[in-house]
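Asker: Can you read through this structure? Questions will come right after.
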Amino acid sequence: MIEQPVAPSRPNRLHSFWIETPQAVCALLGCGLDGLATADAARRLAAHGPNSDAPARTAGPARAVLRRLLEPLSLILLAAGLVSVVSGDAVGGSIIVIILMVSIGLDTAQEGHAAKTAELLRRSVALQAEVKRDGSFRQIEVDQVVPGDILRVRAGDIIPADALLLESRAFTVGEAALTGEPYAVEKRPGAAGGPSPGEATNAIFRGAVAQTGEAIALVVGTGRDTVFGAAASALAQAQAPSPFERDLHQFGLAIARLTLALVLVVLATRVLLGRPALDSLMFAVALAVGLTPELLPMITTVTLARGALRMAARKVIVKRLAAIHDLGAMTVLCTDKTGTLTSAEIALARSFDAAGTDDPRAARLGAIAADLGGDRGALDAALAAGAPGAATGWTLRGRNPFDFSRRLGTVLARGPDGPLLIVKGAPEAVLKLCTAQRAGGALSAMDEAGRARALDHVHALAGDGLRTIAIASRPWTGATHEVEAADETDLVFEGLCAFYDPPKASAPAAIARLGAAGVRLKILSGDDPVVVKRLAGLVGLEAGTVLSGADVAALSDEALAVRVQQVDAYGRLAPDQKARIIAALQAKGAVVGYLGDGINDAPALKASDIGLSVAGATGVAQSAADMILLASDLEVVADGVEEGRRTFVNILKYVRMGASSNFGNMLSMAVASLALPFLPMLPTQILLNNLLYDLSEVGIPLDTVPAEATRRPQVWDMPGLIRFAGVMGPLSSVFDLMTFGGLLLLFQATPDEFRTAWFLESMATQILVIFVIRTADRPWRSPPGPALAASSLLALAVALALPLTPLGSWFGFTPPPPAMLAGIAAVVVAYLVCAELLKPWALRRRPREAAARRQAIGRR
């Protein structure tokens with residue numbers, strides 16, 4: 001049943017066209033019931049537009065590059081590179097700009113490639129429609145269908161537009177893509193059951209799938225003027241920044257403020273102290289460049305791109321790179337029911353005799369009728385699969401096909417029990433034809449009280465989310481012939497067959513795995529709340545309360561934000577209500593993912609922080625999603641959560657290392673530049689220091705991540721980063737000041753010796769401390785990945801060897817005496833020991849911050 005759709009933008013009387021007669025609809029559309037002429041169809045196409053959704057807003061390559069370039073961090077790096085070039089360091093400045101451009105290019109190319117892959121998936125099913133033009137039916141492209149067309153739909157067709165039925169023959173449609181209900185719905189011409197779309201038994205809606213029979217219908221609405229066109233229109237809305245993009249933007253602003261403040265203070269102070277203005281400007285620029293994490297865009301992009309490749313190997317297409325991090329930060333996963341938690345295939349659940357006791361006879365007789373009757377509906381397929389081989393030895397002697405008006409069908413079959421008439425259909429229709437019943441193998445008369453008890457059983461099963469059909473039979477006497485309605489008398493009620501849409505076998509384990517990882521699952525379905533509650537119990541969710549769409553509609557936004565914290569299952573939701581629930585969760589700080597595959601899921605996919613769809617989903621759902629799962633399985637989502645967290649942990653390593661190390665070194669340089677009569681390090685030496693340090697960290701995307709780091713949602717913790725930098729940065733500055741004192745007081749170092757010795761101490765402490773602060777554990781218990789170890793040690797070797805070679809003179813270095821080198825080594829060892837001792841305190845969250853973080857990730 002379709003609940004509370006968003007009204008399409010067509011004339012008022014056509015909003016509920018199913019309550020109008022075909023003649024009245026034709027008058028409103030200005031057409032007849034004999035189809036359109038080609039010229040008339042062309043005019044209507046020009047007036048109404050193509051039968052397609054509003055295209056999603058996609059940025060071209062130039063706009064995508066510009067958007068990334070205008071991020072605060074990118075602007076800082078670009079300015080630092082350009083200033084370096086202007087001030088004489090063309091090599092260093094060019095490297096910064098090249099790294100930035102390569103990072104932006106990789107990011108743009110990856111997202112462009114993913115978008116093209118998703119578009120190929122969408123186009124892999126080329127759709128056509130059969131309409132009556134110029135007096136005869138012909139095949140046309142779906143986007144050419146217009147209001148007023150006479151449409152013919154057969155079993156297996158996807159309904160291309162909203163239409164009013166004119167003729168039908170055994171016609172049923174599956175509306176799972178619209179409502180989430182897996183059972184086929186009968187459609188026939190005539191008066192509708194009521195004014196809501198769910199009661200429109202005489203209308204078909206775009207996106208549904210014809211299951212059986214065929215129909216002729218009058219097209220009323222196309223494109224955005226369909227009942228669910230409003231859902232697809234969500235694609236035209238601008239994409240809000242993701243949590244990762246917002247946090248990276250805030251981090252860039254913080255770096256910009258710190259850089260500007262430090263540069264202005266150092267420059268102004270040195271000028272006031274009478275130091276040379278040009279030297280002071282060059283040193284301030286070098287400090288600015290030293291504070292900027294030049295490799296952060298590249299580290300971020302490469303790490304995310306590597307995550308995208310790993311996820312592609314797990315059959316996940318990543319359309320937006322930042323979504324990998326967002327998936328790792330996800331705290332709540334909302335999912336549709338059909339096709340995600342369930343298989344979307346009807347299965348036989350139980351078979352009962354007339355007394356309500358489990359008995360396979362009803363299912364066996366039903367399977368014989370299904371196999372020989374030729375109806376081939378979803379329930380027939382479930383019967384045949386539930387009682388395999390039941391029809392072996394039976395042959396068809398006559399039948400009366402399923403009649404939707406009588407709601408039953410009959411076969412006459414001959415088998416081991418002789419000729420037998422088997423009737424199956426709706427319990428209400430079959431029971432009134434029965435005069436006897438079989439229970440426990442014994443026959444007894446059936447009266448009104450017996451029929452009432454059987455119907456009570458049907459209602460009880462419906463309360464458990466099960467759909468039922470009744471099976472009846474009688475031995476056939478006399479000659480065989482085609483079955484007529486008059487033959488369906490004096491039947492024996494054999495029992496009931498109950499069906500359900502079974503949960504996927506992997507769903508309970510995947511949900512438990514997500515729960516252990518701190519991701520709370522919520523079911524947002526258009527199906528009956530009773531069915532949703534039963535499914536929740538089967539997959540391991542506590543669903544003592546299930547809110548319906550009517551319940552959600554009655555709540556204010558503030559009240560809903562409170563209720564969604566306690567309720568995990570929702571039924572009979574309209575598309576906009578799913579999006580509203582997601583917004584309520586986000587209002588409380590949750591990072592929300594949504595997994596869906598139907599047209600009615602598009603608004604929720606767009607509103608969520610991470611939209612997940614599947615390869616077999618509607619084109620609308622795929623367009624709205626950030627990732628497309630080639631395997632519709634929650635296990636894939638759980639794998640993706642781990643990959644997202646692993647990716648973010650490595651990104652956070654670089655941020656933490658860079659923030660503490662760069663801040664400490666630049667703070668030391670700023671203090672020294674004010675106290676010493678000479679520059680503590682030349683601008684070119686600062687840039688070389690920064691470049692070698694960044695190169696030491698290029699292995700971070702390939703670094704190992706311990707399992708415990710992926711057990712909880714990963715989010716940017718700006719106060720934690722500031723505290724870490726505020727502890728570890730000044731710690732390095734303390735040892736720098738000790739180095740300054742030793743060089744000046746103990747060794748009476750010359751300016752060149754001072755700069756060289758401090759360069760060596762700075763590089764050794766910065767690079768070796770990577771192995772300490774990359775993990776919360778002891779370094780020897782959590783060794784780095786081979787790539788990070790190699791890049792770090794190689795950069796350290798270059799940094800230590802360069803001042804001792806003839807190339808060192810190019811940068812103003814001079815080889816220090818052995819005693820001075822030994823002193824530096826002692827300082828480095830002492831620093832690493834202190835860093836290891838202070839690390840737990842720097843990483844520890846204070847109780848108030850921990851509580852705020854728990855609230856931010858949406859935990860109870």
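Chain lettering (A, B, ...) mirrors the order of the structure tokens, residue numbering begins at 1 for each chain separately, and ligand numbering begins at 1 in order of display.
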Show which residues sit within 7 Å of Thr468 of chain A, as a ChimeraX atom specification. Count only C-alpha atoms, and ignore same-chain residues fewer than 6 positions away.
Answerer: /A:458,496-499
Asker: Near Ile700 of chain A, counting only C-alpha atoms, which residues have an atom at most 12 Å away, once you skip same-chain residues fewer than 5 positions from it, shown as number ranges by chain?
Answerer: A: 295-296, 298-304, 306, 646-655, 657, 694-695, 705, 770-771, 774, 784-792
Asker: Write out as an MDAnalysis selection string all residues of segment 320-554 of chain A that backbone DSSP assigns to strand (DSSP E).
Answerer: chainID A and resid 332:335 347:352 395:403 408:415 418:425 434:439 442:445 467:475 491:500 520:524 546:548
Asker: Name all residues at most 8 Å from Val271 of chain A (count only C-alpha atoms; drop same-chain ones fewer than 5 positions away) and give them as a list in words.
Answerer: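 Here the qualifying residues turn out to be Pro276, Ala277 and Ser280 of chain A.
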Asker: Using all heavy atoms, can you write the selected residues to a file as a compact mmCIF listing (two decimals), in the first residue's frame?
Answerer:
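The resulting again-v1.txt:
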```txt
# COMPACT_ATOMS: atom_id res chain seq x y z
N PRO A 276 66.68 43.06 10.94
CA PRO A 276 66.47 43.41 9.53
C PRO A 276 65.07 43.02 9.05
O PRO A 276 64.63 41.88 9.26
CB PRO A 276 67.56 42.61 8.80
CG PRO A 276 68.60 42.37 9.84
CD PRO A 276 67.88 42.24 11.14
N ALA A 277 64.38 43.94 8.42
CA ALA A 277 62.99 43.70 8.00
C ALA A 277 62.90 42.58 6.97
O ALA A 277 61.98 41.74 7.03
CB ALA A 277 62.40 44.99 7.44
N SER A 280 63.46 39.26 8.57
CA SER A 280 62.30 38.94 9.40
C SER A 280 61.13 38.46 8.55
O SER A 280 60.42 37.51 8.91
CB SER A 280 61.89 40.16 10.22
OG SER A 280 62.94 40.58 11.07
```
Asker: Please provide as JSON, numbers by chain all residues within 10 Å of Arg723 of chain A, with the sequence filter that same-chain residues fewer than 2 positions apart are discarded (counting only C-alpha atoms).
Answerer: {"A": [660, 717, 718, 719, 720, 721, 725, 726, 727, 728, 729, 841, 842, 843, 844, 845]}
Asker: Can you tell me, as a list in words, what residues are no more than 9 Å from segment 743-759 of chain A when counting only C-alpha atoms, ignoring any on the same chain fewer than 5 positions away?
Answerer: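 With the cut-off at 9 Å, the set is Phe678, Leu679, Pro680, Met681, Leu682, Gln685, Ile686, Asn689, Asp736, Met738, Ala764, Ala799, Leu800, Pro803, Gly812, Phe813, Thr814, Pro815, Pro816, Pro817, Ala819, Met820, Leu821 and Ile824 of chain A.
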Asker: Could you work out how far atom CA of Ala512 of chain A lies from atom CA of Leu634 of chain A, giving the answer in Å with one decimal?
Answerer: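 These atoms are spaced 10.5 Å apart.
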Asker: May I have the residues within 10 Å of segment 404-414 of chain A as a VMD selection string, using only C-alpha atoms and disregarding those fewer than 2 positions away in the same chain?
Answerer: chain A and resid 169 to 172 186 to 188 368 to 375 391 393 to 402 416 to 430 469 to 476 480 to 485 487 to 488
Asker: So which residues touch Ala436 of chain A within 10 Å, counting only C-alpha atoms, skipping near sequence neighbours fewer than 5 positions away, as a list in words?
Answerer: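 That gives Ala354, Leu431, Leu443, Ser444, Ala445, Met446, Asp447, Gly450, Ala472, Ser473, Arg474, Asp490, Leu491, Val492, Phe493 and Glu494 of chain A.
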Asker: With only C-alpha atoms as the atoms that count, which of A:Val146, A:Val85, A:Cys26, A:Leu630 lies nearest to Ala46 of chain A?
Answerer: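 Using only C-alpha atoms, the shortest distance to Ala46 of chain A belongs to A:Val146.
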Asker: To one decimal place, how far is atom CA of Phe17 of chain A from atom CA of Ala203 of chain A in Å?
Answerer: 8.4 Å
Asker: Pick out the closest residue to Asp134 of chain A from this set: A:Leu36, A:Val219, A:Ile158, A:Ala90. Count only C-alpha atoms.
Answerer: A:Leu36
